[in-house]
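Report on one structure; see the data block that follows.
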Amino acid sequence: MTRKKYIKLILILGSLTALGPFSIDMYLPGFSGIAKDLHTTVAKVSMSLSSYFIGISAGQLLYGPLLDRFGRKKPLFIGLLVYILASLGCVFVTDIDQFILLRFIQAIGSCAATVASIAMVRDLFPVKEIPKVFSLLMLVLGLSPMLAPTIGGYVTEDYGWHTVFFILMCMGIAVLLASQIGLPDSYKPDTSISLKPKPIISNFLKVLKEPQFYTYAFTGAIAFSGLFTYVAASPIVFMDIYHVDAKTYGWIFAFMSVSFIGSSQLNSVLLKKFSSEQLIFGALILQSIVSIVFLVLSLNNLLGLYETIAILFVFLGCLGISNPNTAGLTMAPFSKNAGSASALMGAIQLGLGSLASFAVGIFVKDSVAPMVFIMTVTTIIAFIVLNIGKRFITQKVELSAEDNFTSGH
């Protein structure tokens, strides 16, 4: 593959990957404005975030089989079209329940982009390139939450929150055109794949029974729900509890993303010295220690704005290291069912994430402690799941540099 083609593919796959985070993060600074305009509370507005996560989570399971059955481009086209129309709907929304529903539909649309980009990485690149490509996509995925709320903060302060959804609609159109023109047909539609519920479910069950899949998918997803907790709680924590304005909030959020991206790029360097397993283990131990300290401080009211930012920064850094590795090891055993495996991995991650963000909408009101409590509990559970699950993995499929697949006992 030529360098030019490689960069073009990464850019388009990256823009597909970025659509989701932009849709999640760009409207966060507008929470109090939306609450005011739709005559409701910020906590109720945060339910539109949960409905978005539920939409992505359900959508992932839907697109996995569709992408395997009809090839990558048709489902992608339809999904993006749904996304564009739902974003347009959000511009003209007048009622919070409509808004929560439209966010759900928007998520189901954007989801096509996420699942297709992961499946196409598996199609277009050799196995040993995959962790590297994932790290590059993580970079895009990480840059989006840096740019999105910052842009969102300025757009919201200067033009109002409706404009954010107009911009998202335009992004949807741009991504649709780029992917239809620029991406090769990377996968022949497999007509043997049935779209009846029973075979789909049995296919997902087959993936789920693979010990390497469930160990790393659940470890990664439970640890990662800490990120969803932070995203959902951050408008309440920074804007309601610490009283920063929309622009400042955008910058704080951007600064936090530096940690997540920086560490996922550091991950590519660390992979030369350590195995993915070692990195996951180390990151989770550090994350556990950090979150326990965080909890003790928050329960004793020892946290100001700067301490909260500093500790969250380290916490998100741990996730930036564990996440590409759990994703890589989760996907490694599947050359045939990559679409279903990637969909299931995403659904587990987002399903648990939406539970965490629902909890935030209910419990996080005037103190940081409930957010920290949710983060601490999820981190410790992830660590336990990792150590129990590891015992069931007999044939380990690794991503190694020497050859494509090595199985070790």
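Simple scheme: letters A, B, ... for chains in structure tokens order, numbers from 1 for residues in each chain, numbers from 1 for ligands in the order shown.
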Using only C-alpha atoms, which protein or nucleic acid residues come within 12 Å of Ile285 (chain A)? Drop anything in the same chain fewer than 2 positions from it, and give the result as a short mmCIF file (atom, residue, chain, number, x, y, z; two decimals) with all heavy atoms, in the first residue's frame.
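Output (part.cif):
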```cif
data_model
loop_
_atom_site.label_atom_id
_atom_site.label_comp_id
_atom_site.auth_asym_id
_atom_site.auth_seq_id
_atom_site.Cartn_x
_atom_site.Cartn_y
_atom_site.Cartn_z
N ALA A 223 -13.80 -0.80 32.63
CA ALA A 223 -12.83 0.27 32.94
C ALA A 223 -13.22 1.54 32.20
O ALA A 223 -13.19 2.65 32.74
CB ALA A 223 -11.42 -0.16 32.53
N GLN A 278 0.60 -6.95 29.87
CA GLN A 278 1.31 -6.23 30.94
C GLN A 278 0.81 -4.79 31.04
O GLN A 278 0.64 -4.25 32.13
CB GLN A 278 2.82 -6.25 30.68
CG GLN A 278 3.44 -7.62 30.85
CD GLN A 278 4.87 -7.66 30.33
OE1 GLN A 278 5.19 -7.14 29.26
NE2 GLN A 278 5.76 -8.29 31.09
N LEU A 279 0.58 -4.18 29.89
CA LEU A 279 0.15 -2.78 29.89
C LEU A 279 -1.24 -2.64 30.50
O LEU A 279 -1.51 -1.70 31.24
CB LEU A 279 0.17 -2.22 28.46
CG LEU A 279 1.58 -2.02 27.87
CD1 LEU A 279 1.49 -1.60 26.41
CD2 LEU A 279 2.36 -1.00 28.67
N ILE A 280 -2.13 -3.58 30.17
CA ILE A 280 -3.50 -3.51 30.72
C ILE A 280 -3.43 -3.65 32.24
O ILE A 280 -4.05 -2.88 32.99
CB ILE A 280 -4.39 -4.63 30.13
CG1 ILE A 280 -4.57 -4.43 28.62
CG2 ILE A 280 -5.76 -4.64 30.80
CD1 ILE A 280 -5.16 -5.63 27.91
N PHE A 281 -2.64 -4.63 32.69
CA PHE A 281 -2.51 -4.91 34.12
C PHE A 281 -1.96 -3.68 34.86
O PHE A 281 -2.54 -3.23 35.86
CB PHE A 281 -1.58 -6.12 34.30
CG PHE A 281 -1.58 -6.69 35.69
CD1 PHE A 281 -2.62 -7.50 36.12
CD2 PHE A 281 -0.53 -6.42 36.55
CE1 PHE A 281 -2.62 -8.03 37.40
CE2 PHE A 281 -0.52 -6.95 37.85
CZ PHE A 281 -1.58 -7.76 38.27
N GLY A 282 -0.87 -3.13 34.33
CA GLY A 282 -0.24 -1.97 34.97
C GLY A 282 -1.18 -0.76 35.01
O GLY A 282 -1.32 -0.09 36.04
N ALA A 283 -1.85 -0.52 33.87
CA ALA A 283 -2.74 0.65 33.79
C ALA A 283 -3.88 0.52 34.79
O ALA A 283 -4.26 1.49 35.45
CB ALA A 283 -3.28 0.81 32.38
N GLN A 287 -4.80 2.92 37.86
CA GLN A 287 -6.13 3.53 37.84
C GLN A 287 -6.87 3.24 39.16
O GLN A 287 -7.58 4.11 39.67
CB GLN A 287 -6.91 2.96 36.65
CG GLN A 287 -8.18 3.72 36.31
CD GLN A 287 -8.87 3.12 35.09
OE1 GLN A 287 -8.23 2.69 34.14
NE2 GLN A 287 -10.19 3.07 35.11
N SER A 288 -6.71 2.04 39.69
CA SER A 288 -7.35 1.71 40.98
C SER A 288 -6.82 2.60 42.11
O SER A 288 -7.59 3.14 42.89
CB SER A 288 -7.10 0.24 41.36
OG SER A 288 -7.57 -0.61 40.34
N ILE A 289 -5.49 2.73 42.17
CA ILE A 289 -4.89 3.55 43.22
C ILE A 289 -5.38 4.99 43.11
O ILE A 289 -5.83 5.60 44.09
CB ILE A 289 -3.34 3.50 43.13
CG1 ILE A 289 -2.85 2.07 43.39
CG2 ILE A 289 -2.70 4.47 44.13
CD1 ILE A 289 -1.39 1.84 43.04
N VAL A 290 -5.33 5.53 41.88
CA VAL A 290 -5.73 6.92 41.65
C VAL A 290 -7.18 7.14 42.07
O VAL A 290 -7.51 8.10 42.75
CB VAL A 290 -5.55 7.30 40.16
CG1 VAL A 290 -6.21 8.64 39.85
CG2 VAL A 290 -4.07 7.35 39.80
N SER A 291 -8.07 6.20 41.68
CA SER A 291 -9.48 6.44 41.97
C SER A 291 -9.79 6.30 43.46
O SER A 291 -10.65 7.02 43.98
CB SER A 291 -10.39 5.54 41.12
OG SER A 291 -10.01 4.20 41.23
N ILE A 292 -9.06 5.44 44.16
CA ILE A 292 -9.29 5.32 45.62
C ILE A 292 -8.85 6.61 46.34
O ILE A 292 -9.56 7.14 47.19
CB ILE A 292 -8.57 4.08 46.20
CG1 ILE A 292 -9.25 2.80 45.68
CG2 ILE A 292 -8.59 4.09 47.73
CD1 ILE A 292 -8.46 1.53 45.89
N PHE A 315 -6.28 9.78 35.75
CA PHE A 315 -7.25 8.70 35.57
C PHE A 315 -7.48 8.42 34.08
O PHE A 315 -7.45 7.27 33.63
CB PHE A 315 -8.56 9.11 36.26
CG PHE A 315 -9.66 8.08 36.17
CD1 PHE A 315 -9.77 7.09 37.15
CD2 PHE A 315 -10.58 8.08 35.13
CE1 PHE A 315 -10.79 6.14 37.08
CE2 PHE A 315 -11.60 7.13 35.05
CZ PHE A 315 -11.70 6.16 36.04
N CYS A 318 -4.60 6.58 32.31
CA CYS A 318 -4.61 5.11 32.47
C CYS A 318 -5.51 4.46 31.43
O CYS A 318 -5.17 3.42 30.85
CB CYS A 318 -5.11 4.73 33.87
SG CYS A 318 -4.13 5.39 35.20
N LEU A 319 -6.67 5.08 31.19
CA LEU A 319 -7.60 4.52 30.20
C LEU A 319 -7.03 4.57 28.79
O LEU A 319 -7.26 3.66 27.99
CB LEU A 319 -8.92 5.32 30.21
CG LEU A 319 -9.84 5.02 31.39
CD1 LEU A 319 -11.06 5.94 31.34
CD2 LEU A 319 -10.28 3.57 31.35
N ILE A 321 -4.09 4.07 27.97
CA ILE A 321 -3.16 2.95 27.79
C ILE A 321 -3.90 1.62 27.73
O ILE A 321 -3.65 0.80 26.86
CB ILE A 321 -2.10 2.95 28.90
CG1 ILE A 321 -1.19 4.16 28.65
CG2 ILE A 321 -1.31 1.63 28.91
CD1 ILE A 321 0.10 4.18 29.34
N SER A 322 -4.87 1.41 28.62
CA SER A 322 -5.52 0.09 28.62
C SER A 322 -6.43 -0.11 27.41
O SER A 322 -6.52 -1.19 26.85
CB SER A 322 -6.28 -0.15 29.92
OG SER A 322 -7.30 0.83 30.08
N THR A 376 -14.54 4.70 40.84
CA THR A 376 -13.73 3.79 41.66
C THR A 376 -14.27 2.37 41.58
O THR A 376 -13.52 1.41 41.36
CB THR A 376 -13.74 4.25 43.14
OG1 THR A 376 -13.42 5.64 43.19
CG2 THR A 376 -12.73 3.48 43.96
N THR A 379 -13.59 0.74 38.15
CA THR A 379 -12.17 0.39 37.98
C THR A 379 -11.83 -0.90 38.72
O THR A 379 -11.18 -1.79 38.18
CB THR A 379 -11.27 1.52 38.53
OG1 THR A 379 -11.62 2.73 37.86
CG2 THR A 379 -9.81 1.22 38.27
N ILE A 380 -12.29 -1.01 39.95
CA ILE A 380 -11.95 -2.19 40.75
C ILE A 380 -12.62 -3.45 40.18
O ILE A 380 -12.00 -4.51 40.08
CB ILE A 380 -12.31 -1.95 42.23
CG1 ILE A 380 -11.36 -0.89 42.79
CG2 ILE A 380 -12.20 -3.24 43.05
CD1 ILE A 380 -11.75 -0.32 44.14
N ILE A 381 -13.88 -3.30 39.73
CA ILE A 381 -14.55 -4.46 39.11
C ILE A 381 -13.79 -4.90 37.85
O ILE A 381 -13.59 -6.09 37.62
CB ILE A 381 -16.02 -4.13 38.77
CG1 ILE A 381 -16.83 -3.88 40.05
CG2 ILE A 381 -16.66 -5.27 37.98
CD1 ILE A 381 -18.26 -3.43 39.82
N ALA A 382 -13.34 -3.93 37.05
CA ALA A 382 -12.61 -4.27 35.82
C ALA A 382 -11.36 -5.09 36.16
O ALA A 382 -11.03 -6.07 35.49
CB ALA A 382 -12.21 -3.00 35.08
N PHE A 383 -10.67 -4.67 37.21
CA PHE A 383 -9.45 -5.36 37.61
C PHE A 383 -9.74 -6.80 38.04
O PHE A 383 -9.03 -7.75 37.69
CB PHE A 383 -8.79 -4.58 38.76
CG PHE A 383 -7.43 -5.09 39.12
CD1 PHE A 383 -6.39 -4.99 38.20
CD2 PHE A 383 -7.17 -5.66 40.36
CE1 PHE A 383 -5.12 -5.47 38.51
CE2 PHE A 383 -5.90 -6.13 40.68
CZ PHE A 383 -4.88 -6.03 39.75
N ILE A 384 -10.85 -6.98 38.76
CA ILE A 384 -11.25 -8.32 39.19
C ILE A 384 -11.62 -9.19 37.98
O ILE A 384 -11.18 -10.34 37.86
CB ILE A 384 -12.43 -8.24 40.19
CG1 ILE A 384 -11.98 -7.52 41.47
CG2 ILE A 384 -12.97 -9.63 40.51
CD1 ILE A 384 -13.10 -7.14 42.43
N LEU A 386 -10.60 -8.92 34.93
CA LEU A 386 -9.39 -9.26 34.18
C LEU A 386 -8.72 -10.49 34.80
O LEU A 386 -8.35 -11.44 34.11
CB LEU A 386 -8.41 -8.08 34.20
CG LEU A 386 -7.04 -8.35 33.57
CD1 LEU A 386 -7.15 -8.51 32.07
CD2 LEU A 386 -6.05 -7.23 33.90
N ASN A 387 -8.58 -10.48 36.13
CA ASN A 387 -7.83 -11.55 36.77
C ASN A 387 -8.57 -12.88 36.82
O ASN A 387 -7.97 -13.94 36.78
CB ASN A 387 -7.39 -11.11 38.16
CG ASN A 387 -6.28 -10.08 38.05
OD1 ASN A 387 -5.23 -10.37 37.49
ND2 ASN A 387 -6.52 -8.86 38.51
#
```
Non-local contacts of region 192-203 of chain A (9 Å; only C-alpha atoms; under 4 positions in same chain excluded) as a list of chain:residue names
A:Pro65, A:Leu66, A:Asp68, A:Arg69, A:Val207, A:Leu208, A:Asn337, A:Ser340
List every residue of region 97-188 of chain A that has an atom at most 10 Å from any atom of region 237-248 of chain A, and for each one report the closest atom pair and its distance in Å to one decimal, counting only C-alpha atoms, with rows sorted by chain and then by increasing residue number, as CSV.
```
residue,atom,partner,partner_atom,distance
A:Pro149,CA,A:Lys247,CA,8.5
A:Thr150,CA,A:Lys247,CA,6.7
A:Ile151,CA,A:Lys247,CA,8.6
A:Gly152,CA,A:Lys247,CA,8.2
A:Gly153,CA,A:Lys247,CA,4.5
A:Tyr154,CA,A:Lys247,CA,5.8
A:Val155,CA,A:Lys247,CA,9.0
A:Thr156,CA,A:Ala246,CA,7.5
A:Glu157,CA,A:Ala246,CA,6.8
A:Asp158,CA,A:Lys247,CA,9.9
```
Would you pick out the contacts of Ser87 (chain A) at 7 Å or less, using only C-alpha atoms, so that residues sharing its chain but fewer than 3 positions from it are not included, and give the list as a count of residues only?
9
Near Gly304 (chain A), within 10 Å and counting only C-alpha atoms, which residues show up once chain neighbours fewer than 5 positions away are dropped, as a PyMOL selection string?
chain A and resi 242+298+309+368
With all heavy atoms retained, export the selected residues as a PDB file, in the first residue's frame.
```pdb
ATOM      1  N   TYR A 242     -18.480  23.837  40.100  1.00  0.00           N
ATOM      2  CA  TYR A 242     -17.334  24.765  40.149  1.00  0.00           C
ATOM      3  C   TYR A 242     -17.585  26.073  39.396  1.00  0.00           C
ATOM      4  O   TYR A 242     -16.703  26.923  39.315  1.00  0.00           O
ATOM      5  CB  TYR A 242     -16.061  24.083  39.621  1.00  0.00           C
ATOM      6  CG  TYR A 242     -15.560  22.962  40.502  1.00  0.00           C
ATOM      7  CD1 TYR A 242     -15.352  21.678  39.994  1.00  0.00           C
ATOM      8  CD2 TYR A 242     -15.272  23.177  41.853  1.00  0.00           C
ATOM      9  CE1 TYR A 242     -14.884  20.643  40.793  1.00  0.00           C
ATOM     10  CE2 TYR A 242     -14.796  22.154  42.663  1.00  0.00           C
ATOM     11  CZ  TYR A 242     -14.609  20.891  42.138  1.00  0.00           C
ATOM     12  OH  TYR A 242     -14.138  19.877  42.927  1.00  0.00           O
ATOM     13  N   SER A 298     -12.459  13.261  47.901  1.00  0.00           N
ATOM     14  CA  SER A 298     -13.754  13.888  47.613  1.00  0.00           C
ATOM     15  C   SER A 298     -14.722  13.717  48.785  1.00  0.00           C
ATOM     16  O   SER A 298     -15.521  14.605  49.067  1.00  0.00           O
ATOM     17  CB  SER A 298     -14.359  13.326  46.329  1.00  0.00           C
ATOM     18  OG  SER A 298     -14.770  11.994  46.517  1.00  0.00           O
ATOM     19  N   ILE A 309      -9.255  18.496  38.423  1.00  0.00           N
ATOM     20  CA  ILE A 309      -8.723  18.401  37.056  1.00  0.00           C
ATOM     21  C   ILE A 309      -7.467  17.526  37.026  1.00  0.00           C
ATOM     22  O   ILE A 309      -7.323  16.652  36.169  1.00  0.00           O
ATOM     23  CB  ILE A 309      -8.417  19.811  36.488  1.00  0.00           C
ATOM     24  CG1 ILE A 309      -9.737  20.570  36.272  1.00  0.00           C
ATOM     25  CG2 ILE A 309      -7.640  19.728  35.185  1.00  0.00           C
ATOM     26  CD1 ILE A 309      -9.579  22.013  35.825  1.00  0.00           C
ATOM     27  N   VAL A 368     -18.981  16.227  43.958  1.00  0.00           N
ATOM     28  CA  VAL A 368     -18.177  15.441  43.016  1.00  0.00           C
ATOM     29  C   VAL A 368     -18.159  13.965  43.428  1.00  0.00           C
ATOM     30  O   VAL A 368     -17.938  13.071  42.617  1.00  0.00           O
ATOM     31  CB  VAL A 368     -16.725  15.988  42.981  1.00  0.00           C
ATOM     32  CG1 VAL A 368     -15.894  15.280  41.929  1.00  0.00           C
ATOM     33  CG2 VAL A 368     -16.738  17.487  42.698  1.00  0.00           C
TER      34      VAL A 368
END
```
Which residue of A:Gln98, A:Gln180, A:Ser335, A:Ser144 approaches Ile261 (chain A) most closely, using only C-alpha atoms:
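Distance minimum relative to Ile261 (chain A) lands on A:Ser144.
Residues within 8 Å of Pro235 (chain A), counting only C-alpha atoms and excluding same-chain residues fewer than 5 positions away, are A:Leu28, A:Pro29, A:Phe31, A:Asp240, A:Tyr249.
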To test your reading of the structure, identify every residue in region 138-204 of chain A that backbone DSSP assigns to alpha helix (DSSP H), and report it as a count of residues only.
52
Find the residue from A:Phe70, A:Phe373, A:Phe99, A:Phe22 that sits nearest to Asp185 (chain A); use only C-alpha atoms when measuring.
A:Phe70
Using only C-alpha atoms, which protein or nucleic acid residues come within 10 Å of Leu137 (chain A)? Drop anything in the same chain fewer than 6 positions from it, and give the result as a ChimeraX atom specification.
/A:10-11,13-18,117-118,121,131,143,324
Next, write the just-selected residues to a file, as a short mmCIF file (atom, residue, chain, number, x, y, z; two decimals), in the first residue's frame, keeping N, CA, C and O atoms as the atom set.
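Result went into again.cif, see below:
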```
data_model
loop_
_atom_site.label_atom_id
_atom_site.label_comp_id
_atom_site.auth_asym_id
_atom_site.auth_seq_id
_atom_site.Cartn_x
_atom_site.Cartn_y
_atom_site.Cartn_z
N ILE A 10 -6.53 6.30 6.37
CA ILE A 10 -6.56 6.66 7.79
C ILE A 10 -7.41 7.91 8.01
O ILE A 10 -8.20 7.98 8.95
N LEU A 11 -7.27 8.89 7.11
CA LEU A 11 -8.04 10.13 7.27
C LEU A 11 -9.55 9.89 7.16
O LEU A 11 -10.33 10.39 7.96
N LEU A 13 -11.17 6.90 7.46
CA LEU A 13 -11.60 6.05 8.58
C LEU A 13 -11.63 6.87 9.87
O LEU A 13 -12.52 6.72 10.71
N GLY A 14 -10.66 7.78 9.99
CA GLY A 14 -10.61 8.65 11.15
C GLY A 14 -11.82 9.56 11.23
O GLY A 14 -12.40 9.76 12.30
N SER A 15 -12.23 10.11 10.08
CA SER A 15 -13.39 11.01 10.10
C SER A 15 -14.68 10.24 10.42
O SER A 15 -15.58 10.75 11.08
N LEU A 16 -14.74 8.98 9.97
CA LEU A 16 -15.88 8.13 10.35
C LEU A 16 -15.89 7.92 11.87
O LEU A 16 -16.92 8.00 12.52
N THR A 17 -14.68 7.65 12.40
CA THR A 17 -14.56 7.42 13.84
C THR A 17 -14.89 8.66 14.65
O THR A 17 -15.43 8.58 15.74
N ALA A 18 -14.58 9.83 14.07
CA ALA A 18 -14.73 11.09 14.82
C ALA A 18 -16.18 11.56 14.93
O ALA A 18 -16.52 12.35 15.80
N SER A 117 -15.95 1.64 10.37
CA SER A 117 -14.52 1.98 10.38
C SER A 117 -13.70 0.89 11.05
O SER A 117 -12.63 0.53 10.58
N ILE A 118 -14.22 0.31 12.13
CA ILE A 118 -13.47 -0.76 12.81
C ILE A 118 -13.39 -2.01 11.93
O ILE A 118 -12.34 -2.63 11.78
N VAL A 121 -10.87 -1.56 9.13
CA VAL A 121 -9.47 -1.68 9.55
C VAL A 121 -9.05 -3.15 9.43
O VAL A 121 -7.99 -3.48 8.90
N PRO A 131 -2.91 -2.96 15.53
CA PRO A 131 -2.79 -2.12 16.73
C PRO A 131 -2.28 -0.71 16.40
O PRO A 131 -2.70 0.27 17.01
N LEU A 143 -8.53 13.36 19.53
CA LEU A 143 -8.55 14.76 19.14
C LEU A 143 -9.96 15.31 19.11
O LEU A 143 -10.19 16.47 19.41
N PRO A 324 -6.59 0.78 23.94
CA PRO A 324 -6.21 0.17 22.66
C PRO A 324 -5.79 -1.29 22.82
O PRO A 324 -5.98 -2.10 21.92
#
```
Closest of A:Thr229, A:Lys74, A:Val140, A:Tyr27 to Val377 (chain A), counting only C-alpha atoms, is A:Thr229
